[in-house]
There are 2 protein chains.
Amino acid sequence: MKLLEQKIAQEGTVIGTDILKVDMFLNHQIDVGLLNEMGKEFYRLFGHEQIDKIVTIEASGIAIACVASQYFNHVPVVFAKKTESRNLDAEVYESKVYSFTKQKEYSVRVSKKYLQPGEHVLIIDDFLANGQAVLGLIDIIRQAGAVPCGAGIAIEKGHQKGRSLIEAEGVRVESLAIVASMSEEDGVKFA
Amino acid sequence: MKLLEQKIAQEGTVIGTDILKVDMFLNHQIDVGLLNEMGKEFYRLFGHEQIDKIVTIEASGIAIACVASQYFNHVPVVFAKKTESRNLDAEVYESKVYSFTKQKEYSVRVSKKYLQPGEHVLIIDDFLANGQAVLGLIDIIRQAGAVPCGAGIAIEKGHQKGRSLIEAEGVRVESLAIVASMSEEDGVKFA
């Protein structure tokens, strides 16, 4: 998606060769007009499928998912909650996610009330790198007996293994911008 | 706002006399169609004023603020980040917020890049009770030399002191639903 790539090129900040900060329009300040265009593009990519619900993870995924929902007949959005707590709650579906960035494990949780057997669920998230968060959501969706129909990602780090892990689960991945490489000197190159 | 009051009455859950759970449509699962109507109502209440930016707090405020921004000419949304860390960062505006619910203090932070002197800022949040979070945002906005134009709240607990504390700061409060009282037996009564 050209508009998102331009935005990343113009306003993103690369730190080292692996950190891409998009605080200016996605992760701290949010450009809602851009989110509208992203929502339309997700609909172009997934709108031909049955989508009953959109699932995302707090915090940054929420904005993208809610604006996108408007193009999917306002299907409900459910955001998984991140918690470090380990005590199991019978009322939630829970999956462990390992964060390579933070080098620690956390839990993602969704109340059992908000995922029903047979529902077709689109996953939306801001970043895809190692894929652990999306794999956690796929796990939760399947625990509920629901069907993960696809993963719509804003920015994919194409040199990392997330896509192949998710596709190995039989779930289609569509990313609006795929970063092939990046460096502080040369900026971001897209796939 | 009748639609929100109906939704609270039908789908909200009262625990004791002070906890109102709206996980079904606002804080975990999100009804985006309802958020559209709330955004229109915020525009009716604040649209005659100059609004350059909307500021909210992660996580639940993000959805409300982003959908509302669409009715305010897509002004940028900035969400303050909650953190328990105490180390001061020169690049952020920070304010301490005491949570009566969790009985502990946390910090809210906004990068200095995303608030400019003279900007007119509308605060949007999901709940208003003791007002500490909104007061923290007002503090941050004023640290930046920006102007807090108002606080648009989804659900106000009218029997608590948040409104008077914010109004004492000279900031107008508009809440879409004001809870006068609630109990497990009788449900929610609106002001």
# chains A, B, ... in the order shown; residues from 1 in each chain; ligands from 1
>>> interface_residues(of="chain A", to="chain B", cutoff="7 Å", atoms="only C-alpha atoms", output="list in words")
His28, Gln29, Ile30, Asp31, Val32, Gly33, Glu58, Ala59, Ile62, Ala63, Cys66, Val67, Ser69, His74, Pro76, Val77, Val78, Phe79 and Tyr114 of chain A
>>> residues_around(residues="stretch 171-180 of chain B", least_positions_apart="5", cutoff="9 Å", atoms="only C-alpha atoms", output="ChimeraX atom specification")
/B:1-2,4-5,8,38,41-42,45-46,127-128,138,148-159,163,166,188-191
>>> write_last_selection(atoms="N, CA and C atoms", output="short mmCIF file (atom, residue, chain, number, x, y, z; two decimals), in the first residue's frame")
data_model
loop_
_atom_site.label_atom_id
_atom_site.label_comp_id
_atom_site.auth_asym_id
_atom_site.auth_seq_id
_atom_site.Cartn_x
_atom_site.Cartn_y
_atom_site.Cartn_z
N MET B 1 -27.15 10.78 26.33
CA MET B 1 -27.29 10.15 25.01
C MET B 1 -28.04 8.84 25.19
N LYS B 2 -29.27 8.83 24.71
CA LYS B 2 -30.18 7.71 24.96
C LYS B 2 -29.60 6.36 24.53
N LEU B 4 -26.56 5.26 24.30
CA LEU B 4 -25.54 4.74 25.22
C LEU B 4 -26.18 4.31 26.53
N GLU B 5 -27.14 5.09 27.02
CA GLU B 5 -27.83 4.70 28.26
C GLU B 5 -28.55 3.36 28.11
N ILE B 8 -25.97 0.59 28.14
CA ILE B 8 -25.50 0.34 29.51
C ILE B 8 -26.56 -0.45 30.28
N MET B 38 -21.43 7.92 19.19
CA MET B 38 -20.79 8.69 20.26
C MET B 38 -19.90 9.79 19.66
N GLU B 41 -21.98 12.64 18.57
CA GLU B 41 -22.47 13.40 19.73
C GLU B 41 -21.36 14.27 20.30
N PHE B 42 -20.14 13.75 20.38
CA PHE B 42 -19.02 14.60 20.82
C PHE B 42 -18.86 15.79 19.87
N LEU B 45 -21.34 18.40 20.63
CA LEU B 45 -21.04 19.10 21.88
C LEU B 45 -19.82 20.01 21.78
N PHE B 46 -18.83 19.60 20.98
CA PHE B 46 -17.56 20.35 20.95
C PHE B 46 -17.20 20.89 19.57
N PHE B 127 -14.29 6.55 30.97
CA PHE B 127 -14.94 6.72 32.27
C PHE B 127 -14.45 7.98 32.97
N LEU B 128 -15.34 8.58 33.71
CA LEU B 128 -14.96 9.65 34.64
C LEU B 128 -15.53 9.29 36.00
N ILE B 138 -4.83 16.99 31.67
CA ILE B 138 -4.86 18.47 31.68
C ILE B 138 -3.48 19.01 32.06
N PRO B 148 -6.30 22.87 27.06
CA PRO B 148 -7.34 21.84 27.18
C PRO B 148 -8.72 22.47 26.98
N CYS B 149 -9.39 22.14 25.88
CA CYS B 149 -10.67 22.79 25.52
C CYS B 149 -11.87 22.12 26.15
N GLY B 150 -11.71 20.89 26.59
CA GLY B 150 -12.85 20.20 27.14
C GLY B 150 -12.53 18.74 27.35
N ALA B 151 -13.39 18.07 28.12
CA ALA B 151 -13.26 16.64 28.37
C ALA B 151 -14.55 15.98 27.92
N GLY B 152 -14.46 15.13 26.92
CA GLY B 152 -15.60 14.38 26.43
C GLY B 152 -15.53 12.97 26.99
N ILE B 153 -16.51 12.62 27.80
CA ILE B 153 -16.48 11.37 28.56
C ILE B 153 -17.63 10.48 28.08
N ALA B 154 -17.37 9.19 27.95
CA ALA B 154 -18.47 8.28 27.62
C ALA B 154 -19.39 8.12 28.82
N ILE B 155 -18.86 7.63 29.93
CA ILE B 155 -19.69 7.31 31.09
C ILE B 155 -19.14 7.99 32.33
N GLU B 156 -19.95 8.83 32.93
CA GLU B 156 -19.55 9.53 34.16
C GLU B 156 -20.26 8.91 35.35
N LYS B 157 -19.53 8.67 36.41
CA LYS B 157 -20.15 8.30 37.68
C LYS B 157 -20.47 9.59 38.41
N GLY B 158 -21.72 10.00 38.28
CA GLY B 158 -22.13 11.33 38.70
C GLY B 158 -22.04 11.58 40.19
N HIS B 159 -21.98 10.50 40.97
CA HIS B 159 -21.92 10.67 42.42
C HIS B 159 -20.48 10.82 42.91
N ARG B 163 -16.05 15.42 38.07
CA ARG B 163 -16.52 16.59 37.33
C ARG B 163 -16.14 17.89 38.04
N ILE B 166 -12.46 18.76 37.68
CA ILE B 166 -12.06 19.19 36.33
C ILE B 166 -12.62 20.59 36.04
N VAL B 188 -28.83 0.28 36.82
CA VAL B 188 -28.26 1.63 36.73
C VAL B 188 -29.36 2.67 36.60
N LYS B 189 -29.24 3.73 37.38
CA LYS B 189 -30.15 4.89 37.23
C LYS B 189 -29.33 6.06 36.70
N PHE B 190 -29.87 6.72 35.68
CA PHE B 190 -29.14 7.82 35.06
C PHE B 190 -29.61 9.17 35.58
N ALA B 191 -28.71 10.14 35.51
CA ALA B 191 -29.04 11.49 36.00
C ALA B 191 -29.96 12.17 35.02
#
>>> closest_residue(among="A:Arg44, A:Val22, A:Val121, A:Ser107", to="A:Thr56", atoms="only C-alpha atoms")
A:Val121
>>> residues_around(residues="A:Lys96", least_positions_apart="2", cutoff="9 Å", atoms="only C-alpha atoms", output="JSON, numbers by chain")
{"A": [94, 98, 105, 106, 107, 108, 109, 132, 133, 136]}
>>> select_by_dssp(residues="stretch 2-118 of chain B", states="helix (DSSP H, G or I)", output="PyMOL selection string")
chain B and resi 2-11+23-27+32-46+60-69+112-114
>>> residues_around(residues="B:Gly162", least_positions_apart="6", cutoff="7 Å", atoms="only C-alpha atoms", output="NGL selection string")
:B and (128-131)
>>> residues_around(residues="A:Asp18", least_positions_apart="4", cutoff="9 Å", atoms="only C-alpha atoms", output="list of chain:residue names")
A:Val14, A:Lys157, A:Ser181, A:Met182, A:Ser183
>>> write_last_selection(atoms="C-alpha atoms", output="PDB file, in the first residue's frame")
ATOM      1  CA  VAL A  14      14.925   3.536  12.020  1.00  0.00           C
ATOM      2  CA  LYS A 157       9.245  -7.104   8.893  1.00  0.00           C
ATOM      3  CA  SER A 181      15.536  -4.138   5.007  1.00  0.00           C
ATOM      4  CA  MET A 182      16.291  -1.019   6.984  1.00  0.00           C
ATOM      5  CA  SER A 183      19.198   0.937   8.343  1.00  0.00           C
TER       6      SER A 183
END
>>> closest_residue(among="B:Ile140, B:Lys104, B:Leu135, B:Leu122", to="B:Leu165", atoms="only C-alpha atoms")
B:Leu135
>>> select_by_dssp(residues="stretch 10-133 of chain B", states="strand (DSSP E or B)", output="PyMOL selection string")
chain B and resi 13-15+19-21+29-30+53-57+77-83+92-99+104-111+120-128
>>> closest_residue(among="B:Tyr71, B:Asp139, B:Ser95, B:Gln160", to="B:Gly39", atoms="only C-alpha atoms")
B:Tyr71
